[in-house]
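Structure data (CSV, C-alpha atoms) from model-v8.csv:
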```
chain,number,residue,atom,x,y,z
A,1,MET,CA,-92.6,-119.5,-35.0
A,2,PHE,CA,-91.5,-122.9,-36.1
A,3,ALA,CA,-94.8,-124.7,-35.4
A,4,PRO,CA,-96.0,-124.4,-39.0
A,5,VAL,CA,-92.6,-125.7,-40.2
A,6,LEU,CA,-92.8,-128.7,-37.9
A,7,VAL,CA,-96.4,-129.4,-39.1
A,8,MET,CA,-95.2,-129.1,-42.7
A,9,ILE,CA,-92.4,-131.7,-42.0
A,10,ARG,CA,-94.9,-134.1,-40.4
A,11,TYR,CA,-97.5,-133.8,-43.2
A,12,SER,CA,-94.8,-134.3,-45.9
A,13,LEU,CA,-94.6,-137.9,-44.4
A,14,ASN,CA,-98.3,-138.5,-44.5
A,15,ASP,CA,-100.6,-140.3,-46.9
A,16,SER,CA,-104.1,-139.0,-46.2
A,17,GLY,CA,-105.7,-141.1,-49.0
A,18,THR,CA,-107.5,-138.0,-50.3
A,19,ARG,CA,-106.7,-135.0,-52.6
A,20,PHE,CA,-106.2,-132.7,-49.6
A,21,ASN,CA,-103.4,-133.6,-47.2
A,22,TYR,CA,-105.2,-132.2,-44.1
A,23,VAL,CA,-105.7,-135.2,-41.9
A,24,LEU,CA,-103.0,-137.5,-40.6
A,25,HIS,CA,-103.8,-141.0,-41.8
A,26,ARG,CA,-100.8,-143.2,-42.6
A,27,PHE,CA,-97.0,-142.6,-42.4
A,28,SER,CA,-95.5,-142.7,-45.8
A,29,VAL,CA,-92.2,-141.6,-47.5
A,30,ASP,CA,-93.7,-141.9,-51.0
A,31,ALA,CA,-93.9,-138.1,-51.5
A,32,TRP,CA,-90.2,-137.8,-50.6
A,33,MET,CA,-89.4,-140.6,-53.1
A,34,HIS,CA,-91.3,-138.8,-55.8
A,35,PRO,CA,-91.2,-135.1,-54.9
A,36,LEU,CA,-91.9,-133.8,-58.4
A,37,ASP,CA,-94.8,-136.2,-59.1
A,38,VAL,CA,-97.3,-133.3,-59.6
A,39,PRO,CA,-97.9,-131.6,-63.0
A,40,GLN,CA,-95.9,-128.4,-63.5
A,41,LEU,CA,-94.2,-128.6,-60.1
A,42,GLY,CA,-90.8,-129.2,-61.6
A,43,LEU,CA,-91.3,-126.3,-64.0
A,44,ALA,CA,-92.4,-124.0,-61.2
A,45,ILE,CA,-89.4,-124.8,-59.1
A,46,ARG,CA,-87.0,-124.4,-62.0
A,47,ASN,CA,-88.4,-121.0,-62.9
A,48,SER,CA,-88.3,-119.8,-59.3
A,49,LEU,CA,-84.7,-120.9,-58.8
A,50,THR,CA,-83.7,-119.2,-62.1
A,51,VAL,CA,-85.4,-116.0,-61.1
A,52,ALA,CA,-83.8,-116.1,-57.6
A,53,VAL,CA,-80.3,-116.6,-59.0
A,54,ILE,CA,-80.6,-113.8,-61.6
A,55,ALA,CA,-82.3,-111.4,-59.3
A,56,SER,CA,-79.6,-112.0,-56.7
A,57,LEU,CA,-76.8,-111.3,-59.2
A,58,LEU,CA,-78.5,-108.1,-60.5
A,59,ALA,CA,-79.1,-106.8,-56.9
A,60,VAL,CA,-75.4,-107.5,-56.1
A,61,LEU,CA,-74.1,-105.8,-59.3
A,62,LEU,CA,-76.3,-102.7,-58.8
A,63,GLY,CA,-76.2,-102.5,-55.0
A,64,THR,CA,-72.6,-103.1,-54.3
A,65,PRO,CA,-71.2,-99.8,-55.8
A,66,PHE,CA,-74.1,-97.8,-54.4
A,67,GLY,CA,-73.6,-99.2,-50.9
A,68,TYR,CA,-69.8,-98.6,-51.2
A,69,ALA,CA,-70.4,-95.0,-52.3
A,70,LEU,CA,-72.8,-94.3,-49.4
A,71,GLY,CA,-70.3,-95.6,-46.9
A,72,ARG,CA,-67.1,-94.3,-48.4
A,73,TYR,CA,-67.9,-90.8,-49.7
A,74,ARG,CA,-69.5,-87.6,-48.7
A,75,PHE,CA,-71.7,-85.9,-51.4
A,76,ARG,CA,-74.7,-83.7,-51.7
A,77,GLY,CA,-77.9,-85.5,-51.1
A,78,LYS,CA,-76.3,-88.4,-49.3
A,79,SER,CA,-78.7,-88.3,-46.4
A,80,MET,CA,-81.7,-88.4,-48.7
A,81,ALA,CA,-80.2,-91.2,-50.8
A,82,SER,CA,-79.5,-93.2,-47.6
A,83,SER,CA,-83.1,-92.7,-46.5
A,84,LEU,CA,-84.5,-93.8,-49.9
A,85,THR,CA,-82.5,-97.0,-49.5
A,86,PHE,CA,-84.9,-98.2,-46.8
A,87,LEU,CA,-88.0,-97.1,-48.7
A,88,PRO,CA,-88.6,-100.4,-50.6
A,89,LEU,CA,-88.4,-102.2,-47.3
A,90,ALA,CA,-91.1,-100.0,-45.8
A,91,THR,CA,-93.4,-100.0,-48.8
A,92,PRO,CA,-96.1,-102.7,-48.7
A,93,GLU,CA,-95.3,-105.3,-51.4
A,94,ILE,CA,-98.9,-105.0,-52.8
A,95,VAL,CA,-98.3,-101.3,-53.5
A,96,MET,CA,-94.9,-102.0,-55.1
A,97,GLY,CA,-96.4,-104.9,-57.1
A,98,ALA,CA,-99.2,-102.7,-58.4
A,99,GLY,CA,-96.6,-100.0,-59.4
A,100,LEU,CA,-94.4,-102.5,-61.2
A,101,LEU,CA,-97.4,-104.0,-63.0
A,102,THR,CA,-98.4,-100.5,-64.2
A,103,VAL,CA,-94.9,-99.7,-65.4
A,104,SER,CA,-94.7,-103.0,-67.3
A,105,VAL,CA,-98.1,-102.6,-69.0
A,106,ALA,CA,-97.4,-98.9,-69.7
A,107,SER,CA,-94.2,-99.8,-71.5
A,108,ALA,CA,-96.3,-101.4,-74.3
A,109,SER,CA,-98.3,-98.3,-74.9
A,110,THR,CA,-96.0,-95.3,-74.0
A,111,ALA,CA,-93.4,-93.8,-76.3
A,112,PRO,CA,-90.5,-94.3,-76.7
A,113,PHE,CA,-90.6,-97.6,-74.8
A,114,LYS,CA,-93.3,-99.2,-77.0
A,115,THR,CA,-91.1,-98.8,-80.0
A,116,LEU,CA,-88.0,-100.6,-78.6
A,117,LEU,CA,-89.5,-104.0,-78.8
A,118,PRO,CA,-92.5,-105.3,-80.8
A,119,GLU,CA,-94.8,-105.7,-77.8
A,120,GLY,CA,-93.2,-103.3,-75.4
A,121,LEU,CA,-90.0,-102.9,-73.3
A,122,LEU,CA,-91.4,-104.8,-70.3
A,123,TYR,CA,-94.4,-106.5,-71.8
A,124,PRO,CA,-95.7,-109.2,-71.9
A,125,LEU,CA,-95.3,-110.1,-68.3
A,126,GLY,CA,-93.0,-113.0,-67.6
A,127,MET,CA,-89.7,-114.0,-66.1
A,128,VAL,CA,-88.0,-110.8,-67.0
A,129,THR,CA,-90.6,-108.7,-65.1
A,130,VAL,CA,-90.4,-111.0,-62.1
A,131,VAL,CA,-86.6,-110.7,-62.1
A,132,ILE,CA,-86.9,-106.9,-62.2
A,133,ALA,CA,-89.4,-106.9,-59.3
A,134,HIS,CA,-87.3,-109.2,-57.1
A,135,ALA,CA,-84.1,-107.4,-57.8
A,136,THR,CA,-85.8,-104.1,-57.0
A,137,LEU,CA,-86.9,-105.4,-53.7
A,138,GLY,CA,-83.6,-107.1,-52.9
A,139,LEU,CA,-81.5,-104.1,-53.9
A,140,SER,CA,-81.9,-102.5,-50.4
A,141,PHE,CA,-80.6,-105.6,-48.7
A,142,VAL,CA,-77.4,-105.6,-50.7
A,143,ILE,CA,-76.9,-101.8,-50.2
A,144,ILE,CA,-77.4,-102.0,-46.5
A,145,ASN,CA,-75.1,-105.0,-46.1
A,146,VAL,CA,-72.3,-103.5,-48.2
A,147,ARG,CA,-72.5,-100.1,-46.6
A,148,ALA,CA,-72.2,-101.8,-43.1
A,149,ARG,CA,-68.8,-103.1,-44.2
A,150,VAL,CA,-67.3,-99.7,-44.8
A,151,ASP,CA,-65.9,-98.9,-41.4
A,152,ARG,CA,-63.3,-96.5,-39.9
A,153,GLU,CA,-60.7,-99.2,-39.6
A,154,THR,CA,-60.8,-100.0,-43.4
A,155,LEU,CA,-60.5,-96.3,-44.2
A,156,VAL,CA,-57.4,-96.0,-42.0
A,157,LEU,CA,-55.9,-99.0,-43.8
A,158,GLU,CA,-56.6,-97.4,-47.1
A,159,GLU,CA,-54.8,-94.2,-46.1
A,160,ALA,CA,-51.9,-96.3,-44.8
A,161,ALA,CA,-51.6,-98.2,-48.1
A,162,LYS,CA,-51.7,-94.9,-50.1
A,163,ASP,CA,-48.9,-93.5,-47.9
A,164,LEU,CA,-46.8,-96.6,-48.6
A,165,GLY,CA,-47.3,-96.0,-52.4
A,166,ALA,CA,-50.1,-98.4,-53.3
A,167,ILE,CA,-52.0,-97.4,-56.4
A,168,ALA,CA,-55.8,-97.3,-56.4
A,169,PRO,CA,-56.4,-100.8,-58.0
A,170,THR,CA,-54.1,-102.4,-55.5
A,171,VAL,CA,-55.8,-100.6,-52.6
A,172,PHE,CA,-59.2,-101.8,-53.8
A,173,ARG,CA,-58.0,-105.4,-54.4
A,174,THR,CA,-56.1,-105.9,-51.1
A,175,ILE,CA,-58.2,-103.8,-48.7
A,176,TRP,CA,-61.7,-103.0,-49.9
A,177,LEU,CA,-62.5,-106.2,-51.8
A,178,PRO,CA,-61.8,-108.4,-48.7
A,179,ALA,CA,-63.7,-105.9,-46.5
A,180,LEU,CA,-66.8,-105.7,-48.8
A,181,TRP,CA,-66.9,-109.3,-49.9
A,182,PRO,CA,-68.8,-110.7,-46.8
A,183,GLY,CA,-71.4,-108.0,-47.2
A,184,VAL,CA,-71.8,-108.6,-50.9
A,185,VAL,CA,-72.3,-112.4,-50.5
A,186,SER,CA,-74.6,-112.1,-47.5
A,187,GLY,CA,-76.7,-109.5,-49.3
A,188,GLY,CA,-76.9,-111.8,-52.3
A,189,LEU,CA,-77.9,-114.8,-50.2
A,190,LEU,CA,-80.7,-112.8,-48.5
A,191,VAL,CA,-82.0,-111.7,-51.9
A,192,PHE,CA,-82.0,-115.3,-53.1
A,193,ALA,CA,-83.9,-116.5,-50.0
A,194,ILE,CA,-86.5,-113.7,-50.3
A,195,SER,CA,-87.0,-114.1,-54.0
A,196,LEU,CA,-87.4,-117.9,-53.8
A,197,ASP,CA,-90.8,-117.7,-52.0
A,198,ASP,CA,-92.0,-114.2,-52.7
A,199,PHE,CA,-95.7,-114.4,-53.6
A,200,VAL,CA,-97.0,-110.8,-53.8
A,201,LEU,CA,-94.6,-109.3,-56.3
A,202,THR,CA,-94.6,-112.6,-58.3
A,203,ASN,CA,-98.4,-112.6,-58.5
A,204,PHE,CA,-98.4,-109.1,-59.9
A,205,THR,CA,-95.5,-109.5,-62.4
A,206,ALA,CA,-95.4,-113.2,-63.5
A,207,GLY,CA,-98.3,-113.1,-66.0
A,208,SER,CA,-98.7,-116.7,-67.3
A,209,THR,CA,-95.2,-117.8,-66.3
A,210,VAL,CA,-95.4,-120.7,-63.8
A,211,MET,CA,-93.7,-119.8,-60.6
A,212,PHE,CA,-93.7,-121.9,-57.4
A,213,PRO,CA,-95.5,-119.5,-55.0
A,214,THR,CA,-98.3,-118.6,-57.5
A,215,TRP,CA,-98.5,-122.2,-58.7
A,216,ALA,CA,-98.9,-123.5,-55.2
A,217,TYR,CA,-101.6,-120.9,-54.4
A,218,GLY,CA,-103.6,-122.0,-57.5
A,219,LEU,CA,-103.1,-125.7,-56.7
A,220,LEU,CA,-104.5,-125.3,-53.2
A,221,ARG,CA,-107.9,-124.5,-54.6
A,222,ARG,CA,-108.2,-128.0,-56.1
A,223,GLU,CA,-105.9,-130.2,-54.0
A,224,LEU,CA,-103.1,-130.3,-51.5
A,225,PRO,CA,-100.7,-133.2,-52.3
A,226,PRO,CA,-98.0,-134.1,-49.8
A,227,GLN,CA,-95.4,-133.1,-52.5
A,228,VAL,CA,-96.2,-129.5,-51.7
A,229,ASP,CA,-95.1,-130.0,-48.1
A,230,VAL,CA,-92.0,-131.8,-49.3
A,231,VAL,CA,-91.0,-129.0,-51.6
A,232,GLY,CA,-91.9,-126.5,-48.8
A,233,VAL,CA,-89.5,-128.3,-46.4
A,234,MET,CA,-86.7,-128.3,-49.1
A,235,MET,CA,-87.2,-124.6,-49.8
A,236,PHE,CA,-87.2,-123.8,-46.1
A,237,ALA,CA,-84.0,-125.7,-45.7
A,238,VAL,CA,-82.4,-123.8,-48.6
A,239,SER,CA,-83.6,-120.5,-47.2
A,240,LEU,CA,-82.4,-121.4,-43.8
A,241,VAL,CA,-78.9,-122.2,-45.0
A,242,ALA,CA,-78.8,-119.0,-47.0
A,243,VAL,CA,-79.8,-116.9,-44.0
A,244,ILE,CA,-77.4,-118.6,-41.7
A,245,ALA,CA,-74.6,-118.2,-44.3
A,246,ALA,CA,-75.5,-114.6,-44.7
A,247,GLY,CA,-75.4,-114.0,-41.0
A,248,ALA,CA,-72.1,-115.8,-40.6
A,249,LEU,CA,-70.5,-113.8,-43.4
A,250,GLY,CA,-72.0,-110.6,-42.1
A,251,ARG,CA,-70.2,-111.1,-38.8
A,252,ARG,CA,-66.8,-111.8,-40.4
A,253,ARG,CA,-64.3,-109.1,-40.5
A,254,GLY,CA,-63.2,-108.5,-44.1
A,255,VAL,CA,-59.8,-107.2,-43.1
A,256,ARG,CA,-57.7,-108.8,-40.3
```
Taking this structure as input, can you express it in the form of structure tokens?
Amino acid sequence: MFAPVLVMIRYSLNDSGTRFNYVLHRFSVDAWMHPLDVPQLGLAIRNSLTVAVIASLLAVLLGTPFGYALGRYRFRGKSMASSLTFLPLATPEIVMGAGLLTVSVASASTAPFKTLLPEGLLYPLGMVTVVIAHATLGLSFVIINVRARVDRETLVLEEAAKDLGAIAPTVFRTIWLPALWPGVVSGGLLVFAISLDDFVLTNFTAGSTVMFPTWAYGLLRRELPPQVDVVGVMMFAVSLVAVIAAGALGRRRGVR
């Protein structure tokens, strides 16, 4: 599994002497000294980081109350809602991307959405549509992580607090918030890691906006500078830290 990553690390320290960094020629750290010395690379990374942060925040804001409700309450349709939570994870991204593209373009020609903004509610394609796509995909991760934090022990503590006279805000602040917080943060970190290098949804919804995955794909048709490997190693390290932190937080008990 890690063979491609090891190869990427090695080739980030290579100077092939040609446009395509395919052949090991001479050891060099020049690409690490000038990692953004490729046109539009800095812009692509900045846009991808911006989208990842905003998509993570949106997924957390929308997914946390839904995950809490699924775990905490019983209501009509709960089983169906729980099953639908996993649907985005099981749907091929190319299908989801095509659907989101259709929705975005249709918002410019379908009433009443076309009247809300001059060119349409979700058109033209850009960072807004990419954020919506990534937040939609990441919502399930937040819901699942938050729901997993709602356990029987926390429910018992809530009942005990109420019996002792604690009001609802105090119960949520002292019991539920510490219990849910690891799930919220771990879900957000997973969304950030997934959004950072997602290609399929980005390709469908970015339009002319420069994003790192689509920019790298277009660049590979013309050249493959070692800076791409350098940035790839950096993004792998960031994603690895995010996943490890998410796993560590997911294992923590919110209430002790």
Checklist outcome for this item: Across A:Val238, A:Leu177, A:Pro225, A:Ala81, the smallest distance to A:Tyr22, with all atoms listed in the file counted, is shown by A:Pro225
Item to check | stretch 53-63 of chain A surroundings by all atoms listed in the file, 8 Å radius, close-in-sequence under 2 positions cut, as number ranges by chain | outcome: A: 49-51, 65-67, 131-132, 134-136, 138-140, 142-143, 146, 184, 187-189, 191-192, 195
Checklist entry - Pick from A:Gly77, A:Pro4, A:Gly218, A:Pro182: nearest to A:Gln40, with all atoms listed in the file counted? => result A:Gly218
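Atom to atom, atom CA of A:Ser79 and atom CA of A:Ile144 stand 13.8 Å apart.
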Checklist entry - Which value, in Å to one decimal, gives the distance between atom CA of A:Pro88 and atom CA of A:Val130? => result 15.7 Å
Next on the checklist: Can you pull out the residues contacting A:Thr154? Cut-off 8 Å, using only C-alpha atoms, and skip same-chain residues under 2 positions away; I want them as a PyMOL selection string.
Outcome noted: chain A and resi 150-152+156-158+175-176+179+255
Next on the checklist: Considering all atoms listed in the file, can you say which of A:Ser208, A:Asn21, A:Thr170, A:Thr64 comes closest to A:Met8?
Outcome noted: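 Under the stated criterion, the closest residue is A:Asn21.
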Item to check | Close residues, A:Val228 itself excluded, 12 Å, all atoms listed in the file, min 3 positions apart in chain, as number ranges by chain | outcome: A: 8-9, 11-14, 19-21, 31-32, 34-42, 44-45, 212-213, 215-217, 219-220, 223-225, 231-235
Checklist entry - Taking into account all atoms listed in the file, which residue in the set A:Met96, A:Asn47, A:Arg26, A:Phe75 is nearest to A:Thr205? => result A:Met96
Checklist entry - Just how far from atom CA of A:Val241 is atom CA of A:Ala3, in Å to one decimal? => result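 Taking atom CA of A:Ala3 and atom CA of A:Val241, their separation equals 18.7 Å.
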Item to check | Top pick for closest residue to A:Thr174, considering A:Ala161, A:Ile94, A:Ala52, A:Ala242 and counting all atoms listed in the file | outcome: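 Going through A:Ala161, A:Ile94, A:Ala52, A:Ala242 one by one, the smallest distance to A:Thr174 is for A:Ala161.
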Item to check | Selected residue of minimal separation from A:Thr18 among A:Ala166, A:Arg222, A:Arg72, A:Leu84, counting only C-alpha atoms | outcome: A:Arg222
Next on the checklist: Show me, as a VMD selection string, the residues that have an atom within 6 Å of A:Gly126 when counting all atoms listed in the file, minus same-chain residues fewer than 3 positions from it.
Outcome noted: chain A and resid 129 206 to 207 209
